[in-house]
Amino acid sequence: SDLFASALAIWIVSQLVPGFVVTSPGAALIAVLVIGFVNATLGLVLKIITFPLTIMTLGLFWFVINALMIELASGFIPGFRIANFGSAFVGAIVLSVVNMLLKWLVKPLEEE
């Protein structure tokens, strides 16, 4: 269900952020998997290397890294396109907020 919630989050972001394009539910699911893989590998290395910069920017630099990972992932996924870095950056921020809201909404359902 986390996979589907994340795919839903990506689809919601595509509806809210100009230049953040998802053409199908399948593309959203694949995007979740590829973004997750890219974040767990290259993204993790970049977050470790840039940790001092992240501290100096009070965590805001992580959105830059997340935007870069989203842009990178979009290069591998048919049906998932990012127009420019600005779309990726705003998309990364909105994606974090939407994921947080979806987790908050789903949590009470899982506790019952």
# chains A, B, ... in the order shown; residues from 1 in each chain; ligands from 1
call {"tool": "select_by_dssp", "arguments": {"residues": "chain A", "states": "strand (DSSP E or B)", "output": "list in words"}}
result
Phe20, Val21, Val22, Phe80, Arg81 and Ile82 of chain A
call {"tool": "write_last_selection", "arguments": {"atoms": "C-alpha atoms", "output": "PDB file, in the first residue's frame"}}
result
ATOM      1  CA  PHE A  20       6.113  17.571 -13.824  1.00  0.00           C
ATOM      2  CA  VAL A  21       4.386  15.161 -16.228  1.00  0.00           C
ATOM      3  CA  VAL A  22       3.067  11.647 -15.558  1.00  0.00           C
ATOM      4  CA  PHE A  80       7.390  10.445 -16.773  1.00  0.00           C
ATOM      5  CA  ARG A  81       8.930  13.751 -17.868  1.00  0.00           C
ATOM      6  CA  ILE A  82      10.389  16.707 -16.003  1.00  0.00           C
TER       7      ILE A  82
END
call {"tool": "residues_around", "arguments": {"residues": "Glu71 (chain A)", "least_positions_apart": "4", "cutoff": "10 Å", "atoms": "only C-alpha atoms", "output": "list in words"}}
result
Phe20, Ile35, Ile65, Asn66, Ala67, Gly75, Phe76, Phe80, Arg81, Ile82, Ala83, Asn84, Phe85, Ser87, Ala88, Phe89 and Ala92 of chain A
call {"tool": "select_by_dssp", "arguments": {"residues": "chain A", "states": "helix (DSSP H, G or I)", "output": "mmCIF file with C-alpha atoms, in the first residue's frame"}}
result
data_model
loop_
_atom_site.group_PDB
_atom_site.id
_atom_site.type_symbol
_atom_site.label_atom_id
_atom_site.label_comp_id
_atom_site.auth_asym_id
_atom_site.auth_seq_id
_atom_site.Cartn_x
_atom_site.Cartn_y
_atom_site.Cartn_z
ATOM 1 C CA ASP A 2 3.007 2.341 0.537
ATOM 2 C CA LEU A 3 3.918 1.794 -3.113
ATOM 3 C CA PHE A 4 0.440 2.807 -4.261
ATOM 4 C CA ALA A 5 0.349 5.781 -1.868
ATOM 5 C CA SER A 6 3.679 6.979 -3.282
ATOM 6 C CA ALA A 7 2.434 6.486 -6.858
ATOM 7 C CA LEU A 8 -0.689 8.472 -5.958
ATOM 8 C CA ALA A 9 1.558 11.197 -4.510
ATOM 9 C CA ILE A 10 3.534 11.388 -7.770
ATOM 10 C CA TRP A 11 0.295 11.610 -9.764
ATOM 11 C CA ILE A 12 -1.005 14.393 -7.461
ATOM 12 C CA VAL A 13 2.265 16.311 -7.916
ATOM 13 C CA SER A 14 1.893 15.959 -11.702
ATOM 14 C CA GLN A 15 -1.507 17.641 -11.409
ATOM 15 C CA LEU A 16 -0.160 20.507 -9.283
ATOM 16 C CA PRO A 25 -0.781 5.134 -13.482
ATOM 17 C CA GLY A 26 1.821 2.620 -14.716
ATOM 18 C CA ALA A 27 4.323 5.411 -15.291
ATOM 19 C CA ALA A 28 3.647 6.684 -11.749
ATOM 20 C CA LEU A 29 4.300 3.202 -10.276
ATOM 21 C CA ILE A 30 7.517 2.769 -12.254
ATOM 22 C CA ALA A 31 8.574 6.303 -11.263
ATOM 23 C CA VAL A 32 8.157 5.407 -7.574
ATOM 24 C CA LEU A 33 10.361 2.339 -7.990
ATOM 25 C CA VAL A 34 13.064 4.105 -10.020
ATOM 26 C CA ILE A 35 13.121 7.223 -7.801
ATOM 27 C CA GLY A 36 13.333 4.947 -4.749
ATOM 28 C CA PHE A 37 16.232 3.009 -6.262
ATOM 29 C CA VAL A 38 18.088 6.168 -7.363
ATOM 30 C CA ASN A 39 17.558 7.780 -3.930
ATOM 31 C CA ALA A 40 18.734 4.639 -2.106
ATOM 32 C CA THR A 41 21.954 4.468 -4.132
ATOM 33 C CA LEU A 42 23.270 7.671 -5.710
ATOM 34 C CA GLY A 43 21.002 9.931 -3.608
ATOM 35 C CA LEU A 44 22.297 8.420 -0.368
ATOM 36 C CA VAL A 45 25.931 8.951 -1.446
ATOM 37 C CA LEU A 46 25.196 12.575 -2.435
ATOM 38 C CA LYS A 47 23.375 13.251 0.856
ATOM 39 C CA ILE A 48 26.363 11.943 2.817
ATOM 40 C CA ILE A 49 28.888 13.941 0.759
ATOM 41 C CA PHE A 51 25.815 16.813 4.614
ATOM 42 C CA PRO A 52 27.753 19.929 5.753
ATOM 43 C CA LEU A 53 26.021 21.992 3.036
ATOM 44 C CA THR A 54 22.676 20.527 4.101
ATOM 45 C CA ILE A 55 23.331 21.626 7.702
ATOM 46 C CA MET A 56 24.350 25.131 6.561
ATOM 47 C CA PHE A 61 19.794 21.422 0.124
ATOM 48 C CA TRP A 62 18.182 17.961 0.399
ATOM 49 C CA PHE A 63 15.432 19.267 -1.883
ATOM 50 C CA VAL A 64 18.117 20.079 -4.464
ATOM 51 C CA ILE A 65 19.420 16.511 -4.259
ATOM 52 C CA ASN A 66 15.891 15.087 -4.408
ATOM 53 C CA ALA A 67 15.159 17.261 -7.448
ATOM 54 C CA LEU A 68 18.304 15.969 -9.168
ATOM 55 C CA MET A 69 17.305 12.358 -8.385
ATOM 56 C CA ILE A 70 13.793 12.963 -9.786
ATOM 57 C CA GLU A 71 15.275 14.514 -12.940
ATOM 58 C CA LEU A 72 17.673 11.592 -13.324
ATOM 59 C CA ALA A 73 14.887 9.040 -12.835
ATOM 60 C CA SER A 74 12.677 10.764 -15.402
ATOM 61 C CA PHE A 85 15.191 21.831 -12.810
ATOM 62 C CA GLY A 86 12.622 24.315 -11.474
ATOM 63 C CA SER A 87 9.824 21.794 -12.055
ATOM 64 C CA ALA A 88 11.917 19.075 -10.404
ATOM 65 C CA PHE A 89 12.720 21.310 -7.402
ATOM 66 C CA VAL A 90 9.120 22.429 -6.814
ATOM 67 C CA GLY A 91 8.000 18.842 -7.501
ATOM 68 C CA ALA A 92 10.405 17.495 -4.855
ATOM 69 C CA ILE A 93 9.020 19.909 -2.248
ATOM 70 C CA VAL A 94 5.372 19.239 -3.151
ATOM 71 C CA LEU A 95 6.067 15.479 -3.281
ATOM 72 C CA SER A 96 7.444 15.587 0.286
ATOM 73 C CA VAL A 97 4.368 17.430 1.531
ATOM 74 C CA VAL A 98 1.895 15.190 -0.347
ATOM 75 C CA ASN A 99 3.661 12.017 0.871
ATOM 76 C CA MET A 100 3.519 13.329 4.442
ATOM 77 C CA LEU A 101 -0.204 14.138 4.130
ATOM 78 C CA LEU A 102 -1.009 10.739 2.587
ATOM 79 C CA LYS A 103 0.889 8.906 5.342
ATOM 80 C CA TRP A 104 -0.997 10.992 7.922
ATOM 81 C CA LEU A 105 -4.330 10.101 6.290
ATOM 82 C CA VAL A 106 -3.538 6.378 5.908
ATOM 83 C CA LYS A 107 -2.097 5.872 9.423
ATOM 84 C CA PRO A 108 -5.465 5.995 11.289
ATOM 85 C CA LEU A 109 -6.847 3.399 8.837
ATOM 86 C CA GLU A 110 -3.967 0.994 9.533
ATOM 87 C CA GLU A 111 -4.397 1.248 13.318
#
